[in-house]
>>> print(open('input.csv').read())   # CSV, C-alpha atoms
chain,number,residue,atom,x,y,z
A,26,MET,CA,-191.5,-43.5,77.9
A,27,LEU,CA,-191.6,-41.5,74.7
A,28,ASN,CA,-190.8,-44.7,72.7
A,29,THR,CA,-193.6,-46.5,74.4
A,30,LEU,CA,-196.0,-43.8,73.5
A,31,ILE,CA,-194.9,-43.7,69.9
A,32,ARG,CA,-195.3,-47.5,69.7
A,33,LYS,CA,-198.7,-47.4,71.2
A,34,LEU,CA,-199.9,-44.7,68.8
A,35,SER,CA,-198.5,-46.6,65.8
A,36,GLY,CA,-200.2,-49.8,66.9
A,37,HIS,CA,-196.9,-51.7,66.8
A,38,GLU,CA,-196.7,-54.6,69.3
A,39,PRO,CA,-193.6,-54.7,71.5
A,40,SER,CA,-191.4,-57.8,70.9
A,41,LYS,CA,-191.9,-59.1,74.5
A,42,VAL,CA,-195.6,-59.9,73.6
A,43,ALA,CA,-194.3,-62.4,71.0
A,44,ALA,CA,-191.7,-63.7,73.4
A,45,LYS,CA,-194.3,-64.4,76.1
A,46,LYS,CA,-196.8,-66.1,73.7
A,47,ARG,CA,-194.1,-68.3,72.1
A,48,LEU,CA,-192.8,-69.2,75.5
A,49,GLN,CA,-196.1,-70.2,76.9
A,50,PHE,CA,-196.9,-72.3,73.9
A,51,ALA,CA,-193.4,-74.0,74.0
A,52,LEU,CA,-193.9,-74.8,77.7
A,53,VAL,CA,-197.3,-76.4,77.1
A,54,CYS,CA,-195.8,-78.6,74.3
A,55,ASP,CA,-192.8,-79.5,76.3
A,56,LYS,CA,-195.0,-80.9,79.1
A,57,LEU,CA,-197.1,-83.0,76.7
A,58,GLU,CA,-194.0,-84.7,75.2
A,59,VAL,CA,-193.8,-88.4,76.2
A,60,ASN,CA,-190.6,-90.3,75.9
A,61,ASP,CA,-190.4,-93.7,74.2
A,62,LYS,CA,-189.7,-95.6,77.3
A,63,THR,CA,-192.8,-94.3,79.1
A,64,LEU,CA,-194.9,-95.0,76.0
A,65,HIS,CA,-193.6,-98.5,75.8
A,66,ALA,CA,-194.3,-99.2,79.5
A,67,LEU,CA,-197.8,-97.8,79.1
A,68,GLN,CA,-198.4,-100.0,76.0
A,69,ASN,CA,-197.4,-103.1,78.0
A,70,ASP,CA,-199.7,-102.2,80.8
A,71,ILE,CA,-202.6,-101.5,78.5
A,72,VAL,CA,-202.1,-104.8,76.7
A,73,GLU,CA,-202.1,-106.6,80.0
A,74,VAL,CA,-205.4,-105.1,81.1
A,75,ILE,CA,-207.1,-105.6,77.8
A,76,SER,CA,-205.9,-109.1,77.5
A,77,LYS,CA,-207.9,-110.0,80.6
A,78,TYR,CA,-211.1,-109.3,78.6
A,79,PHE,CA,-210.2,-109.7,75.0
A,80,GLU,CA,-207.9,-111.8,72.9
A,81,ILE,CA,-206.0,-109.2,70.9
A,82,ASP,CA,-203.4,-109.3,68.1
A,83,ARG,CA,-200.3,-108.2,69.8
A,84,THR,CA,-198.3,-107.7,66.7
A,85,SER,CA,-200.5,-105.1,65.0
A,86,LEU,CA,-201.4,-102.8,67.9
A,87,GLU,CA,-200.5,-99.2,67.9
A,88,LEU,CA,-200.1,-96.6,70.6
A,89,LYS,CA,-199.4,-93.0,69.8
A,90,VAL,CA,-199.9,-89.4,71.0
A,91,GLU,CA,-201.7,-87.3,68.5
A,92,ARG,CA,-201.2,-83.6,68.7
A,93,ASP,CA,-203.3,-80.8,67.4
A,94,GLU,CA,-202.9,-77.0,67.7
A,95,ASP,CA,-204.3,-77.0,71.2
A,96,THR,CA,-205.3,-80.5,72.2
A,97,SER,CA,-203.3,-83.7,72.7
A,98,ALA,CA,-204.8,-87.2,72.6
A,99,LEU,CA,-203.6,-90.7,73.4
A,100,VAL,CA,-204.7,-93.1,70.7
A,101,PHE,CA,-204.6,-96.9,71.1
A,102,ASN,CA,-205.6,-99.1,68.3
A,103,THR,CA,-205.8,-102.9,68.4
A,104,PRO,CA,-207.7,-105.5,66.4
A,105,ILE,CA,-209.8,-107.8,68.6
A,106,ARG,CA,-209.7,-111.5,67.9
A,107,CYS,CA,-212.4,-112.6,70.3
A,108,VAL,CA,-213.9,-111.8,73.7
A,109,ARG,CA,-212.7,-114.0,76.6
A,110,ARG,CA,-216.1,-115.5,77.7
A,111,SER,CA,-214.7,-117.2,80.7
A,112,ARG,CA,-214.5,-114.0,82.8
A,113,VAL,CA,-218.2,-113.1,82.3
B,26,MET,CA,-177.6,-76.5,114.4
B,27,GLU,CA,-177.0,-78.1,111.0
B,28,GLY,CA,-176.2,-75.9,108.0
B,29,ARG,CA,-178.4,-75.4,105.0
B,30,ILE,CA,-177.4,-76.6,101.6
B,31,ILE,CA,-178.6,-74.4,98.7
B,32,VAL,CA,-178.1,-75.4,95.1
B,33,VAL,CA,-177.8,-72.7,92.4
B,34,THR,CA,-178.9,-74.0,89.1
B,35,SER,CA,-180.4,-73.0,85.8
B,36,GLY,CA,-180.5,-75.6,83.1
B,37,LYS,CA,-179.1,-73.2,80.5
B,38,GLY,CA,-175.5,-72.2,80.6
B,39,GLY,CA,-174.2,-68.7,80.7
B,40,VAL,CA,-177.0,-67.1,82.7
B,41,GLY,CA,-174.9,-66.2,85.7
B,42,LYS,CA,-175.0,-69.2,88.0
B,43,THR,CA,-171.4,-68.9,89.0
B,44,THR,CA,-171.6,-65.1,89.6
B,45,ALA,CA,-174.7,-65.7,91.6
B,46,THR,CA,-173.1,-68.5,93.7
B,47,ALA,CA,-170.0,-66.4,94.4
B,48,SER,CA,-172.0,-63.3,95.2
B,49,ILE,CA,-174.7,-64.9,97.4
B,50,GLY,CA,-172.0,-66.9,99.2
B,51,ALA,CA,-169.8,-63.8,99.8
B,52,ALA,CA,-172.8,-61.8,100.9
B,53,LEU,CA,-173.9,-64.4,103.4
B,54,ALA,CA,-170.4,-64.5,104.8
B,55,LEU,CA,-170.6,-60.7,105.1
B,56,GLU,CA,-173.8,-61.2,107.1
B,57,GLY,CA,-171.6,-63.1,109.6
B,58,LYS,CA,-172.3,-66.6,108.6
B,59,ARG,CA,-169.8,-69.4,107.9
B,60,VAL,CA,-170.2,-70.2,104.2
B,61,ALA,CA,-168.8,-72.8,101.8
B,62,VAL,CA,-169.2,-72.4,98.1
B,63,ILE,CA,-168.7,-75.6,96.2
B,64,ASP,CA,-167.9,-75.7,92.5
B,65,MET,CA,-169.8,-78.8,91.2
B,66,ASP,CA,-168.9,-78.1,87.5
B,67,ILE,CA,-166.3,-80.9,87.4
B,68,GLY,CA,-164.0,-80.5,84.4
B,69,LEU,CA,-165.0,-76.9,83.7
B,70,ARG,CA,-164.2,-75.1,87.0
B,71,ASN,CA,-164.8,-71.4,87.2
B,72,LEU,CA,-166.0,-70.4,90.6
B,73,ASP,CA,-162.3,-70.2,91.7
B,74,VAL,CA,-161.5,-67.5,89.1
B,75,VAL,CA,-164.7,-65.6,89.7
B,76,LEU,CA,-163.7,-65.4,93.4
B,77,GLY,CA,-160.0,-64.7,92.6
B,78,LEU,CA,-158.8,-67.8,94.4
B,79,GLU,CA,-157.5,-69.7,91.4
B,80,ASN,CA,-153.9,-69.6,92.5
B,81,ARG,CA,-154.5,-71.1,95.9
B,82,ILE,CA,-156.0,-74.5,94.8
B,83,VAL,CA,-154.4,-77.6,96.3
B,84,PHE,CA,-157.1,-80.1,96.6
B,85,ASN,CA,-160.7,-80.2,95.1
B,86,ILE,CA,-164.1,-81.6,95.7
B,87,VAL,CA,-163.3,-84.9,93.8
B,88,ASP,CA,-160.3,-85.4,96.2
B,89,VAL,CA,-162.7,-84.9,99.2
B,90,VAL,CA,-165.4,-87.3,97.9
B,91,ASN,CA,-162.8,-89.9,97.0
B,92,GLY,CA,-161.0,-89.6,100.3
B,93,ARG,CA,-157.7,-88.3,99.0
B,94,CYS,CA,-157.9,-85.4,101.5
B,95,ASN,CA,-160.2,-84.1,104.1
B,96,LEU,CA,-162.6,-81.2,103.8
B,97,ARG,CA,-160.4,-78.8,105.7
B,98,GLN,CA,-157.5,-79.4,103.4
B,99,ALA,CA,-159.6,-78.7,100.3
B,100,ALA,CA,-161.5,-75.7,101.5
B,101,ILE,CA,-159.7,-72.5,100.6
B,102,ARG,CA,-160.3,-69.6,103.0
B,103,ASP,CA,-160.9,-66.2,101.4
B,104,ARG,CA,-158.6,-63.7,102.9
B,105,ARG,CA,-160.8,-60.7,102.1
B,106,ILE,CA,-164.1,-62.0,103.4
B,107,GLU,CA,-164.0,-63.6,106.8
B,108,ASN,CA,-165.8,-67.0,107.0
B,109,LEU,CA,-166.0,-67.6,103.2
B,110,PHE,CA,-164.5,-70.8,102.0
B,111,LEU,CA,-164.3,-72.3,98.4
B,112,VAL,CA,-164.1,-75.9,97.6
B,113,PRO,CA,-163.0,-75.9,94.0
B,114,ALA,CA,-164.0,-78.4,91.2
B,115,SER,CA,-161.4,-80.7,89.7
B,116,GLN,CA,-160.4,-79.6,86.2
B,117,SER,CA,-159.0,-83.0,85.0
B,118,ASP,CA,-161.9,-85.3,85.7
B,119,ASN,CA,-165.3,-85.5,84.1
B,120,LYS,CA,-168.7,-85.2,85.7
B,121,ASP,CA,-169.2,-89.0,86.0
B,122,VAL,CA,-166.4,-89.3,88.5
B,123,LEU,CA,-168.7,-88.3,91.3
B,124,THR,CA,-171.7,-90.3,92.6
B,125,THR,CA,-174.7,-89.0,94.5
B,126,ALA,CA,-173.8,-91.3,97.4
B,127,GLY,CA,-170.3,-89.8,97.6
B,128,VAL,CA,-171.7,-86.2,97.5
B,129,ASP,CA,-174.3,-87.0,100.1
B,130,ARG,CA,-171.6,-88.3,102.4
B,131,VAL,CA,-169.5,-85.2,102.1
B,132,ALA,CA,-172.6,-83.0,102.4
B,133,LYS,CA,-173.3,-84.4,105.9
B,134,GLN,CA,-169.9,-83.2,106.9
B,135,LEU,CA,-170.3,-79.8,105.2
B,136,ARG,CA,-173.6,-79.3,107.2
B,137,LYS,CA,-171.7,-79.7,110.4
B,138,GLU,CA,-168.9,-77.3,109.5
B,139,PHE,CA,-170.9,-74.5,107.8
B,140,ASP,CA,-174.0,-72.4,108.3
B,141,TYR,CA,-174.6,-72.3,104.5
B,142,VAL,CA,-173.3,-74.5,101.7
B,143,ILE,CA,-173.9,-73.1,98.2
B,144,MET,CA,-173.6,-75.7,95.4
B,145,ASP,CA,-172.7,-74.2,92.0
B,146,SER,CA,-174.4,-76.6,89.6
B,147,PRO,CA,-173.1,-77.1,86.1
B,148,ALA,CA,-175.4,-76.3,83.1
B,149,GLY,CA,-177.6,-79.2,81.9
B,150,ILE,CA,-179.8,-81.7,83.7
B,151,GLU,CA,-177.5,-84.8,83.6
B,152,ARG,CA,-175.1,-86.3,86.1
B,153,GLY,CA,-173.5,-83.0,87.2
B,154,PHE,CA,-177.0,-81.6,88.0
B,155,GLU,CA,-178.0,-84.8,89.9
B,156,ASN,CA,-174.8,-84.5,92.0
B,157,SER,CA,-175.4,-80.9,92.8
B,158,VAL,CA,-179.0,-81.4,93.8
B,159,THR,CA,-178.8,-84.7,95.7
B,160,ALA,CA,-178.0,-83.2,99.1
B,161,ALA,CA,-179.7,-79.8,98.6
B,162,ASP,CA,-182.4,-78.5,101.1
B,163,GLU,CA,-183.2,-75.5,98.9
B,164,ALA,CA,-182.7,-74.3,95.4
B,165,ILE,CA,-182.2,-71.1,93.6
B,166,VAL,CA,-182.9,-71.1,89.9
B,167,VAL,CA,-181.2,-68.4,87.9
B,168,CYS,CA,-182.6,-67.2,84.6
B,169,THR,CA,-182.3,-64.2,82.3
B,170,PRO,CA,-185.3,-62.5,80.7
B,171,ASP,CA,-185.0,-64.4,77.5
B,172,VAL,CA,-187.1,-67.2,75.9
B,173,SER,CA,-184.5,-70.0,75.9
B,174,SER,CA,-183.3,-69.4,79.5
B,175,ILE,CA,-186.9,-69.3,80.8
B,176,ARG,CA,-187.8,-72.5,79.0
B,177,ASP,CA,-184.8,-74.3,80.5
B,178,ALA,CA,-185.6,-72.8,83.9
B,179,ASP,CA,-189.1,-74.3,83.6
B,180,ARG,CA,-187.6,-77.8,83.0
B,181,VAL,CA,-185.3,-77.5,85.9
B,182,ILE,CA,-188.0,-76.2,88.2
B,183,GLY,CA,-190.0,-79.3,87.3
B,184,LEU,CA,-187.1,-81.6,88.1
B,185,LEU,CA,-186.6,-79.9,91.5
B,186,TYR,CA,-190.3,-80.2,92.3
B,187,SER,CA,-190.1,-83.9,91.6
B,188,ARG,CA,-187.4,-84.0,94.4
B,189,SER,CA,-189.7,-82.1,96.8
B,190,ILE,CA,-187.6,-79.0,96.6
B,191,THR,CA,-189.5,-75.7,96.0
B,192,PRO,CA,-187.0,-73.4,94.3
B,193,LYS,CA,-186.9,-69.7,94.2
B,194,LEU,CA,-186.1,-67.6,91.2
B,195,VAL,CA,-183.4,-65.0,90.5
B,196,VAL,CA,-184.0,-63.0,87.3
B,197,ASN,CA,-180.5,-61.9,86.2
B,198,ARG,CA,-179.3,-59.3,83.7
B,199,ILE,CA,-182.5,-57.2,83.6
B,200,VAL,CA,-182.1,-54.2,81.3
B,201,PRO,CA,-184.7,-51.7,82.6
B,202,GLU,CA,-184.6,-49.6,79.4
B,203,MET,CA,-185.5,-52.6,77.3
B,204,VAL,CA,-188.2,-53.7,79.8
B,205,GLU,CA,-189.7,-50.2,79.6
B,206,ARG,CA,-189.7,-50.3,75.8
B,207,GLY,CA,-191.4,-53.7,75.8
B,208,ASP,CA,-188.5,-55.4,74.2
B,209,MET,CA,-187.6,-57.5,77.2
B,210,LEU,CA,-189.9,-59.6,79.4
B,211,SER,CA,-190.5,-57.9,82.7
B,212,HIS,CA,-190.0,-59.9,85.9
B,213,GLU,CA,-193.8,-60.1,86.2
B,214,ASP,CA,-194.0,-61.8,82.8
B,215,VAL,CA,-191.3,-64.3,83.9
B,216,LEU,CA,-193.0,-65.1,87.2
B,217,GLU,CA,-196.4,-65.5,85.4
B,218,VAL,CA,-194.9,-68.0,83.0
B,219,LEU,CA,-193.0,-69.9,85.6
B,220,SER,CA,-195.3,-69.6,88.6
B,221,ILE,CA,-192.5,-69.6,91.1
B,222,ASP,CA,-191.5,-67.5,94.1
B,223,LEU,CA,-189.0,-64.7,93.6
B,224,ALA,CA,-185.6,-64.6,95.4
B,225,GLY,CA,-184.6,-61.4,93.8
B,226,LEU,CA,-184.0,-59.3,90.7
B,227,VAL,CA,-180.5,-58.4,89.4
B,228,PRO,CA,-179.9,-55.7,86.8
B,229,MET,CA,-177.4,-56.0,84.0
B,230,ASP,CA,-174.2,-54.4,85.4
B,231,GLU,CA,-170.8,-53.7,83.8
B,232,GLN,CA,-169.3,-54.1,87.3
B,233,VAL,CA,-169.9,-57.9,87.0
B,234,VAL,CA,-167.4,-58.0,84.1
B,235,ILE,CA,-164.9,-55.8,85.9
B,236,ALA,CA,-165.2,-57.8,89.1
B,237,THR,CA,-164.6,-61.1,87.2
B,238,ASN,CA,-161.6,-59.5,85.4
B,239,THR,CA,-160.0,-58.6,88.7
B,240,GLY,CA,-161.3,-61.6,90.8
B,241,MET,CA,-162.7,-59.2,93.4
B,242,PRO,CA,-166.0,-60.3,94.8
B,243,LEU,CA,-168.8,-58.3,93.3
B,244,VAL,CA,-170.5,-57.7,96.7
B,245,LEU,CA,-167.4,-55.8,97.9
B,246,GLN,CA,-167.9,-53.2,95.1
B,247,ASN,CA,-170.3,-50.8,96.8
B,248,ASP,CA,-171.2,-49.0,93.6
B,249,SER,CA,-172.3,-52.2,91.9
B,250,LYS,CA,-176.1,-52.5,91.4
B,251,ALA,CA,-175.9,-56.2,90.8
B,252,GLY,CA,-173.7,-56.6,93.9
B,253,GLN,CA,-176.3,-54.8,96.0
B,254,ALA,CA,-179.1,-57.0,94.5
B,255,PHE,CA,-177.2,-60.1,95.5
B,256,ARG,CA,-176.6,-58.8,99.0
B,257,ARG,CA,-180.4,-58.3,99.3
B,258,ILE,CA,-181.0,-61.8,98.0
B,259,ALA,CA,-178.6,-63.2,100.6
B,260,ARG,CA,-180.5,-61.2,103.4
B,261,ARG,CA,-183.8,-62.7,102.1
B,262,LEU,CA,-182.3,-66.2,102.4
B,263,ASN,CA,-180.8,-65.4,105.8
B,264,GLY,CA,-183.9,-64.7,107.9
B,265,GLU,CA,-185.3,-61.6,106.2
B,266,PRO,CA,-187.7,-63.1,103.7
B,267,ASP,CA,-189.9,-60.0,103.6
B,268,LEU,CA,-187.1,-57.6,102.5
B,269,PRO,CA,-188.7,-55.7,99.7
B,270,VAL,CA,-187.7,-56.6,96.1
B,271,VAL,CA,-186.2,-53.7,94.3
B,272,VAL,CA,-187.2,-53.6,90.7
B,273,PRO,CA,-184.3,-52.4,88.5
B,274,SER,CA,-185.4,-49.1,87.0
B,275,VAL,CA,-184.3,-46.6,84.4
B,276,LYS,CA,-182.1,-43.9,85.7
B,277,GLY,CA,-180.9,-40.9,83.8
B,278,GLY,CA,-183.8,-40.6,81.4
B,279,MET,CA,-185.1,-37.2,80.6
B,280,TRP,CA,-188.1,-37.5,82.8
B,281,ASN,CA,-186.2,-39.2,85.6
B,282,ARG,CA,-183.5,-36.5,85.6
B,283,PHE,CA,-186.2,-33.9,85.7
B,284,THR,CA,-188.0,-35.5,88.6
B,285,GLN,CA,-184.7,-36.0,90.4
B,286,LYS,CA,-183.9,-32.4,90.1
B,287,LEU,CA,-187.2,-31.5,91.6
B,288,GLY,CA,-186.5,-33.8,94.4
B,289,LEU,CA,-189.5,-36.1,93.6
B,290,LYS,CA,-187.3,-39.1,93.2
B,291,GLN,CA,-183.9,-40.2,94.6
>>> encode(input="input.csv", output="C-alpha cells")
Amino acid sequence: MLNTLIRKLSGHEPSKVAAKKRLQFALVCDKLEVNDKTLHALQNDIVEVISKYFEIDRTSLELKVERDEDTSALVFNTPIRCVRRSRV
Amino acid sequence: MEGRIIVVTSGKGGVGKTTATASIGAALALEGKRVAVIDMDIGLRNLDVVLGLENRIVFNIVDVVNGRCNLRQAAIRDRRIENLFLVPASQSDNKDVLTTAGVDRVAKQLRKEFDYVIMDSPAGIERGFENSVTAADEAIVVCTPDVSSIRDADRVIGLLYSRSITPKLVVNRIVPEMVERGDMLSHEDVLEVLSIDLAGLVPMDEQVVIATNTGMPLVLQNDSKAGQAFRRIARRLNGEPDLPVVVPSVKGGMWNRFTQKLGLKQ
C-alpha cells in the first residue's frame, strides 16, 4: 500500500500497465495475421471472379496484406488486358 | 446419465495444467463424484507423479485406444481418495500414435463409467491438443498473469470457440503482493484482455511444490491456499456455479495485521 502511494506520488507507471498495453497490441496483430495457404486460396477465388469480367494477366498479379500501426489492408494488384464484352 | 468430459489446456507449457487437472479431479472425487483423470501428454507423462501413482502403472491410454487392454485394466484407483481414477499416458510413444477417432471411441466408454472425465492436455496446439479436445464437452484454460501465457491462452480460446466450446479461465500463480504493487496483471486485467468467464483464481503457493515432491494430492492439504482454490473451482463446476470467487489477497502486511488485531478482518 505504501509502495503504491510512493509510486503514485513519483509519477512512475507500474509495470503491469506496460504488460497490458503490449498484450492488447500483440493480440490484435495476432488476429490480423493470415497464413500463406489462406492467402493463396483467396487469390485463386479473386482471380476467378475478376476473370468473369476482365481478361487479366495472371502472371503479374499481386495480393498482400499491408499493415500500418493501427490499420490493416488487403491489397490486390492486377494489370487488366481487356474487358470481356460478351457479358454486358 | 452420461458423464462430462472436461479438457484442461493452456497453449503454453508450465502454467500448471497438470496440477490443475490433478487437483480439480481429486476435488470432484471428494465431492462424491466418480472421476477419471486422463494424461494426454503422450511421451511426457507427469500426471502420475503429481498424483503419486507412478509406481502403479501397468497399462496406459495408448494401450486402451489401441485395444491392448480394456479401460478398467488401465485405470489406476487412488487409494487415498475414493472414486478417483488415473489413466496414465504412455511414455514411450509420441503424440501421433493416437487419432481423434480412437480417442472419441474410448471417450464414449469413459462417459458411461464416470461422472467426470478430466483430460490433461499437453502444451501446444498440435496433434496432442487435438486429441485432448476432440471429445470434450467443456474446457478449462489455465494461464498465469504474464504476457506470454495470456497470449497463448487467447490463441487456445479461439481454437476452442471454433469447436463450439466456450471455455472458462483459471488464473494460476497469482502473487497478491505483486498485484497490489502494480507489477502483476490483476485477474480483472486478464479477464478484460481475454473476455472469457472465470472458473477461479489460484494464488501462488509453496504447498504445490511440497505436494508434488511427496505425491500427495494438493486438495488433501487443508492449509494449502491453492488446494482450497481448486476445491472451490471443482464445486463451481459441480453444480455451484455461483460460489463466490475468492480473490487472493495480501496477508500479514502492516495494515492487515493491524486491522486483524482490531478484529476488522479475519
>>> residues_around(input="input.csv", residues="stretch 53-55 of chain A", least_positions_apart="5", cutoff="10 Å", atoms="all atoms listed in the file", output="PDB file with C-alpha atoms, in the coordinates of the input")
ATOM      1  CA  LEU A  48    -192.800 -69.200  75.500  1.00  0.00           C
ATOM      2  CA  ARG A  92    -201.200 -83.600  68.700  1.00  0.00           C
ATOM      3  CA  GLU A  94    -202.900 -77.000  67.700  1.00  0.00           C
ATOM      4  CA  ASP A  95    -204.300 -77.000  71.200  1.00  0.00           C
ATOM      5  CA  THR A  96    -205.300 -80.500  72.200  1.00  0.00           C
ATOM      6  CA  SER A  97    -203.300 -83.700  72.700  1.00  0.00           C
TER       7      SER A  97
ATOM      8  CA  ARG B 176    -187.800 -72.500  79.000  1.00  0.00           C
ATOM      9  CA  ASP B 179    -189.100 -74.300  83.600  1.00  0.00           C
ATOM     10  CA  ARG B 180    -187.600 -77.800  83.000  1.00  0.00           C
TER      11      ARG B 180
END
>>> residues_around(input="input.csv", residues="stretch 244-249 of chain B", least_positions_apart="4", cutoff="12 Å", atoms="only C-alpha atoms", output="JSON, numbers by chain")
{"B": [44, 45, 46, 47, 48, 49, 50, 51, 52, 53, 54, 55, 56, 76, 105, 106, 227, 228, 229, 230, 231, 232, 233, 234, 235, 236, 237, 239, 240, 253, 254, 255, 256, 257, 258, 259]}
>>> residues_around(input="input.csv", residues="B:Thr124", least_positions_apart="5", cutoff="12 Å", atoms="all atoms listed in the file", output="PDB file with C-alpha atoms, in the coordinates of the input")
ATOM      1  CA  MET B  65    -169.800 -78.800  91.200  1.00  0.00           C
ATOM      2  CA  ILE B  86    -164.100 -81.600  95.700  1.00  0.00           C
ATOM      3  CA  VAL B  87    -163.300 -84.900  93.800  1.00  0.00           C
ATOM      4  CA  VAL B  90    -165.400 -87.300  97.900  1.00  0.00           C
ATOM      5  CA  ASN B  91    -162.800 -89.900  97.000  1.00  0.00           C
ATOM      6  CA  ASN B 119    -165.300 -85.500  84.100  1.00  0.00           C
ATOM      7  CA  ASP B 129    -174.300 -87.000 100.100  1.00  0.00           C
ATOM      8  CA  ARG B 130    -171.600 -88.300 102.400  1.00  0.00           C
ATOM      9  CA  VAL B 131    -169.500 -85.200 102.100  1.00  0.00           C
ATOM     10  CA  ARG B 152    -175.100 -86.300  86.100  1.00  0.00           C
ATOM     11  CA  GLY B 153    -173.500 -83.000  87.200  1.00  0.00           C
ATOM     12  CA  PHE B 154    -177.000 -81.600  88.000  1.00  0.00           C
ATOM     13  CA  GLU B 155    -178.000 -84.800  89.900  1.00  0.00           C
ATOM     14  CA  ASN B 156    -174.800 -84.500  92.000  1.00  0.00           C
ATOM     15  CA  SER B 157    -175.400 -80.900  92.800  1.00  0.00           C
ATOM     16  CA  VAL B 158    -179.000 -81.400  93.800  1.00  0.00           C
ATOM     17  CA  THR B 159    -178.800 -84.700  95.700  1.00  0.00           C
ATOM     18  CA  ALA B 160    -178.000 -83.200  99.100  1.00  0.00           C
TER      19      ALA B 160
END
>>> interface_residues(input="input.csv", of="chain B", to="chain A", cutoff="7 Å", atoms="only C-alpha atoms", output="list in words")
Val172, Arg176, Arg206, Gly207, Asp208, Met209, Leu210 and Val218 of chain B
>>> atom_distance(input="input.csv", atom1="atom CA of B:Ala148", atom2="atom CA of B:Ala99")
23.5 Å
>>> closest_residue(input="input.csv", among="A:Arg110, A:Gly36, A:Val59, A:Asn102", to="A:Ile81", atoms="all atoms listed in the file")
A:Asn102
>>> closest_residue(input="input.csv", among="B:Leu243, B:Val142, B:Leu216, B:Leu135", to="B:Val196", atoms="all atoms listed in the file")
B:Leu216
>>> closest_residue(input="input.csv", among="A:Val108, A:Leu57, A:Ala98, A:Leu88", to="A:Asn69", atoms="all atoms listed in the file")
A:Leu88
>>> closest_residue(input="input.csv", among="A:Leu64, A:Leu86, A:Ile75, A:Leu34", to="A:Leu99", atoms="only C-alpha atoms")
A:Leu64
>>> atom_distance(input="input.csv", atom1="atom CA of B:Val181", atom2="atom CA of B:Glu202")
28.7 Å
>>> build_atoms(input="input.csv", residues="stretch 235-253 of chain B", atoms="N, CA and C atoms", output="short mmCIF file (atom, residue, chain, number, x, y, z; two decimals), in the frame of the given file")
data_model
loop_
_atom_site.label_atom_id
_atom_site.label_comp_id
_atom_site.auth_asym_id
_atom_site.auth_seq_id
_atom_site.Cartn_x
_atom_site.Cartn_y
_atom_site.Cartn_z
N ILE B 235 -166.15 -56.37 85.27
CA ILE B 235 -164.90 -55.80 85.90
C ILE B 235 -164.54 -56.64 87.11
N ALA B 236 -165.53 -57.03 87.92
CA ALA B 236 -165.20 -57.80 89.10
C ALA B 236 -164.62 -59.18 88.71
N THR B 237 -165.15 -59.79 87.64
CA THR B 237 -164.60 -61.10 87.20
C THR B 237 -163.21 -60.88 86.61
N ASN B 238 -162.97 -59.76 85.93
CA ASN B 238 -161.60 -59.50 85.40
C ASN B 238 -160.60 -59.46 86.51
N THR B 239 -160.96 -58.84 87.63
CA THR B 239 -160.00 -58.60 88.70
C THR B 239 -160.05 -59.73 89.76
N GLY B 240 -161.11 -60.52 89.77
CA GLY B 240 -161.30 -61.60 90.80
C GLY B 240 -161.65 -61.00 92.14
N MET B 241 -162.20 -59.79 92.12
CA MET B 241 -162.70 -59.20 93.40
C MET B 241 -164.16 -59.46 93.52
N PRO B 242 -164.57 -60.02 94.68
CA PRO B 242 -166.00 -60.30 94.80
C PRO B 242 -166.89 -59.12 94.55
N LEU B 243 -167.90 -59.36 93.73
CA LEU B 243 -168.80 -58.30 93.30
C LEU B 243 -169.46 -57.57 94.49
N VAL B 244 -169.78 -58.33 95.53
CA VAL B 244 -170.50 -57.70 96.70
C VAL B 244 -169.62 -56.75 97.46
N LEU B 245 -168.30 -56.76 97.18
CA LEU B 245 -167.40 -55.80 97.90
C LEU B 245 -167.38 -54.46 97.12
N GLN B 246 -167.89 -54.43 95.88
CA GLN B 246 -167.90 -53.20 95.10
C GLN B 246 -169.23 -52.45 95.51
N ASN B 247 -169.07 -51.41 96.28
CA ASN B 247 -170.30 -50.80 96.80
C ASN B 247 -171.11 -50.07 95.74
N ASP B 248 -170.46 -49.72 94.61
CA ASP B 248 -171.20 -49.00 93.60
C ASP B 248 -171.86 -49.97 92.58
N SER B 249 -171.76 -51.28 92.84
CA SER B 249 -172.30 -52.20 91.90
C SER B 249 -173.80 -52.52 92.21
N LYS B 250 -174.66 -52.24 91.24
CA LYS B 250 -176.10 -52.50 91.40
C LYS B 250 -176.37 -53.98 91.56
N ALA B 251 -175.66 -54.77 90.71
CA ALA B 251 -175.90 -56.20 90.80
C ALA B 251 -175.37 -56.74 92.13
N GLY B 252 -174.24 -56.20 92.59
CA GLY B 252 -173.70 -56.60 93.90
C GLY B 252 -174.71 -56.32 95.01
N GLN B 253 -175.32 -55.13 94.95
CA GLN B 253 -176.30 -54.80 96.00
C GLN B 253 -177.52 -55.72 95.90
#
